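Engineer: What follows is a single structure, and I will ask about it in a moment.
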Amino acid sequence: MPENDYRPVQPSNDRGDGFAGGCISLIVLLIEIPVALLLGLTSAIRGWGRSADEQTVTPAMDWVPILWFGGFTVGVLVIAVIFLCSAHPFAGAAQLLLAAVALFFTIAAWHDQ
């Protein structure tokens, strides 16, 4: 019966198209890559100022690189969730892959301490 038909008249466009998701993902990656390189560079040159003669005892754990990488990882995960909720699955998947790489570097920084 036609009066009991609850289907929408036009198809729903809840999902974003692949081109828009790819463009958004590329723009966000072009912003995130220099930030990640800057974090890595500052983390690498943090220990250069300390001489070997000053370290007679075991140094305390340095939490700064761990917190920097962890904050970057959380930021990328938040962006991924926003993309996934706003119907851009390709951009969200790219952000999840970047978050996995950032998590690897966070765990590596923690392990080095």
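Residue numbering restarts at 1 for every chain of the structure tokens, chains are lettered A, B, ... in their displayed order, and ligands are numbered from 1 as they appear.
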Show me, as an NGL selection string, the residues that have an atom within 10 Å of A:Gly21 when counting only C-alpha atoms, minus same-chain residues fewer than 5 positions from it.

Structural biologist: :A and (15-16 or 26-27 or 83 or 87-94)

Engineer: For N, CA, C and O atoms, I'd like the residues from the last selection saved as a CSV table (one decimal), in the first residue's frame.

Structural biologist:
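Wrote it out as selection-v8.csv, contents follow:
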chain,number,residue,atom,x,y,z
A,15,ARG,N,27.0,10.3,3.6
A,15,ARG,CA,28.5,10.1,3.5
A,15,ARG,C,29.1,11.1,2.5
A,15,ARG,O,28.5,11.4,1.5
A,16,GLY,N,30.3,11.6,2.9
A,16,GLY,CA,31.0,12.5,2.0
A,16,GLY,C,31.6,11.7,0.8
A,16,GLY,O,31.8,10.5,0.9
A,26,LEU,N,44.5,15.7,2.7
A,26,LEU,CA,45.8,16.2,2.2
A,26,LEU,C,46.1,17.5,2.9
A,26,LEU,O,47.2,17.8,3.3
A,27,ILE,N,45.1,18.4,3.1
A,27,ILE,CA,45.3,19.7,3.7
A,27,ILE,C,45.7,19.5,5.2
A,27,ILE,O,46.7,20.1,5.6
A,83,PHE,N,36.5,13.7,11.8
A,83,PHE,CA,36.4,13.4,10.4
A,83,PHE,C,35.4,12.2,10.2
A,83,PHE,O,34.6,12.1,9.3
A,87,ALA,N,31.2,12.3,8.3
A,87,ALA,CA,31.0,11.6,7.1
A,87,ALA,C,32.2,11.7,6.1
A,87,ALA,O,31.9,11.9,4.9
A,88,HIS,N,33.4,11.7,6.6
A,88,HIS,CA,34.6,11.7,5.7
A,88,HIS,C,35.4,10.5,6.1
A,88,HIS,O,36.5,10.7,6.8
A,89,PRO,N,35.0,9.3,5.7
A,89,PRO,CA,35.8,8.1,6.2
A,89,PRO,C,37.2,8.0,5.7
A,89,PRO,O,38.1,7.5,6.4
A,90,PHE,N,37.5,8.5,4.5
A,90,PHE,CA,38.8,8.4,3.9
A,90,PHE,C,39.8,9.3,4.7
A,90,PHE,O,40.9,8.9,5.1
A,91,ALA,N,39.3,10.5,5.0
A,91,ALA,CA,40.2,11.4,5.8
A,91,ALA,C,40.3,10.9,7.2
A,91,ALA,O,41.4,11.0,7.8
A,92,GLY,N,39.3,10.3,7.8
A,92,GLY,CA,39.4,9.8,9.1
A,92,GLY,C,40.3,8.6,9.2
A,92,GLY,O,41.1,8.4,10.1
A,93,ALA,N,40.3,7.7,8.2
A,93,ALA,CA,41.2,6.6,8.1
A,93,ALA,C,42.7,7.0,8.0
A,93,ALA,O,43.6,6.4,8.6
A,94,ALA,N,42.9,8.0,7.2
A,94,ALA,CA,44.3,8.6,7.0
A,94,ALA,C,44.8,9.1,8.4
A,94,ALA,O,45.9,8.9,8.8

Engineer: DSSP on the backbone: which residues in stretch 18-77 of chain A end up as alpha helix (DSSP H)? Give the answer as an MDAnalysis selection string.

Structural biologist: chainID A and resid 18:45 64:77

Engineer: Could you check the closest approach to A:Leu84 for each of A:Ile45, A:Ser25, A:Val101, A:Ala108 and tell me which residue wins, using only C-alpha atoms?

Structural biologist: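 Closest to A:Leu84 of all the choices is A:Ser25.
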
Engineer: Taking 5 positions as the minimum chain separation for residues in the same chain, which residues sit within 10 Å of A:His111 when counting only C-alpha atoms? Answer as number ranges by chain.

Structural biologist: A: 66, 105-106

Engineer: Between atom CA of A:Gly71 and atom CA of A:Phe19, what distance in Å does the model show, to one decimal?

Structural biologist: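 Here the two named atoms are 29.3 Å from each other.
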
Engineer: Quick check, in Å to one decimal: how far apart do atom CA of A:Leu77 and atom CA of A:Val35 lie?

Structural biologist: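 These two atoms are separated by 14.9 Å.
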
Engineer: When you look at A:Leu39 with a cut-off of 8 Å (counting only C-alpha atoms), what residues show up, excluding the ones that are within fewer than 4 positions of it in the same chain? I need them as a PDB file with all heavy atoms, in the first residue's frame.

Structural biologist:
ATOM      1  N   VAL A  35      54.455  19.929  11.869  1.00  0.00           N
ATOM      2  CA  VAL A  35      54.361  19.917  13.328  1.00  0.00           C
ATOM      3  C   VAL A  35      55.072  18.683  13.874  1.00  0.00           C
ATOM      4  O   VAL A  35      55.827  18.765  14.855  1.00  0.00           O
ATOM      5  CB  VAL A  35      52.891  19.960  13.779  1.00  0.00           C
ATOM      6  CG1 VAL A  35      52.763  19.731  15.277  1.00  0.00           C
ATOM      7  CG2 VAL A  35      52.258  21.279  13.396  1.00  0.00           C
ATOM      8  N   SER A  43      62.858  17.294  20.053  1.00  0.00           N
ATOM      9  CA  SER A  43      63.133  16.160  20.933  1.00  0.00           C
ATOM     10  C   SER A  43      64.563  15.657  20.745  1.00  0.00           C
ATOM     11  O   SER A  43      65.220  15.254  21.706  1.00  0.00           O
ATOM     12  CB  SER A  43      62.140  15.039  20.661  1.00  0.00           C
ATOM     13  OG  SER A  43      62.428  13.918  21.431  1.00  0.00           O
ATOM     14  N   TRP A  68      54.869  15.705  24.754  1.00  0.00           N
ATOM     15  CA  TRP A  68      54.709  16.337  23.435  1.00  0.00           C
ATOM     16  C   TRP A  68      54.169  15.352  22.415  1.00  0.00           C
ATOM     17  O   TRP A  68      53.221  15.642  21.694  1.00  0.00           O
ATOM     18  CB  TRP A  68      56.026  16.902  22.948  1.00  0.00           C
ATOM     19  CG  TRP A  68      56.438  18.184  23.587  1.00  0.00           C
ATOM     20  CD1 TRP A  68      55.703  18.952  24.436  1.00  0.00           C
ATOM     21  CD2 TRP A  68      57.689  18.832  23.425  1.00  0.00           C
ATOM     22  NE1 TRP A  68      56.440  20.042  24.815  1.00  0.00           N
ATOM     23  CE2 TRP A  68      57.644  20.000  24.210  1.00  0.00           C
ATOM     24  CE3 TRP A  68      58.831  18.546  22.702  1.00  0.00           C
ATOM     25  CZ2 TRP A  68      58.707  20.884  24.278  1.00  0.00           C
ATOM     26  CZ3 TRP A  68      59.889  19.424  22.767  1.00  0.00           C
ATOM     27  CH2 TRP A  68      59.825  20.576  23.546  1.00  0.00           C
ATOM     28  N   PHE A  69      54.801  14.176  22.328  1.00  0.00           N
ATOM     29  CA  PHE A  69      54.327  13.174  21.377  1.00  0.00           C
ATOM     30  C   PHE A  69      52.938  12.666  21.740  1.00  0.00           C
ATOM     31  O   PHE A  69      52.114  12.411  20.865  1.00  0.00           O
ATOM     32  CB  PHE A  69      55.308  12.000  21.292  1.00  0.00           C
ATOM     33  CG  PHE A  69      56.555  12.303  20.521  1.00  0.00           C
ATOM     34  CD1 PHE A  69      57.802  12.113  21.080  1.00  0.00           C
ATOM     35  CD2 PHE A  69      56.488  12.765  19.222  1.00  0.00           C
ATOM     36  CE1 PHE A  69      58.948  12.387  20.377  1.00  0.00           C
ATOM     37  CE2 PHE A  69      57.631  13.037  18.500  1.00  0.00           C
ATOM     38  CZ  PHE A  69      58.871  12.856  19.078  1.00  0.00           C
TER      39      PHE A  69
END

Engineer: If we count only C-alpha atoms and set the cut-off at 6 Å, which residues sit around stretch 78-80 of chain A, ignoring sequence neighbours fewer than 2 positions away in its own chain? Please answer as a PDB file with N, CA and C atoms, in the first residue's frame.

Structural biologist:
ATOM      1  N   GLY A  75      45.792  14.801  19.715  1.00  0.00           N
ATOM      2  CA  GLY A  75      45.255  15.769  18.764  1.00  0.00           C
ATOM      3  C   GLY A  75      44.882  15.131  17.442  1.00  0.00           C
ATOM      4  N   VAL A  76      45.737  14.239  16.951  1.00  0.00           N
ATOM      5  CA  VAL A  76      45.440  13.551  15.690  1.00  0.00           C
ATOM      6  C   VAL A  76      44.234  12.636  15.853  1.00  0.00           C
ATOM      7  N   ILE A  82      36.593  13.480  14.562  1.00  0.00           N
ATOM      8  CA  ILE A  82      35.773  14.519  13.933  1.00  0.00           C
ATOM      9  C   ILE A  82      35.507  14.183  12.473  1.00  0.00           C
ATOM     10  N   PHE A  83      36.538  13.732  11.756  1.00  0.00           N
ATOM     11  CA  PHE A  83      36.353  13.362  10.354  1.00  0.00           C
ATOM     12  C   PHE A  83      35.424  12.165  10.202  1.00  0.00           C
ATOM     13  N   GLY A  92      39.303  10.330   7.793  1.00  0.00           N
ATOM     14  CA  GLY A  92      39.396   9.761   9.133  1.00  0.00           C
ATOM     15  C   GLY A  92      40.336   8.571   9.190  1.00  0.00           C
ATOM     16  N   GLN A  95      43.881   9.804   9.107  1.00  0.00           N
ATOM     17  CA  GLN A  95      44.256  10.343  10.413  1.00  0.00           C
ATOM     18  C   GLN A  95      44.493   9.223  11.430  1.00  0.00           C
ATOM     19  N   LEU A  96      43.735   8.142  11.343  1.00  0.00           N
ATOM     20  CA  LEU A  96      43.966   7.015  12.243  1.00  0.00           C
ATOM     21  C   LEU A  96      45.309   6.360  11.969  1.00  0.00           C
TER      22      LEU A  96
END

Engineer: Which residue out of A:Cys85, A:Gln113, A:Leu98, A:Pro65 has the minimum interatomic distance to A:Gly40 when only C-alpha atoms are used?

Structural biologist: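 Smallest separation from A:Gly40 among the options: A:Pro65.
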
Engineer: Give me the residues near A:Ala36 as a PyMOL selection string, where near means some atom within 9 Å (using only C-alpha atoms) and where sequence neighbours in that chain fewer than 5 positions away do not count.

Structural biologist: chain A and resi 41+69+72+102

Engineer: Rounded to one decimal, what separation in Å do you get between atom CA of A:Asp112 and atom CA of A:Leu67?

Structural biologist: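 It comes out at 13.6 Å.
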
Engineer: Have a look at A:Leu97, A:Ala20, A:Leu37, A:Ile107 and name the one nearest to A:Gly70; count only C-alpha atoms.

Structural biologist: A:Ile107
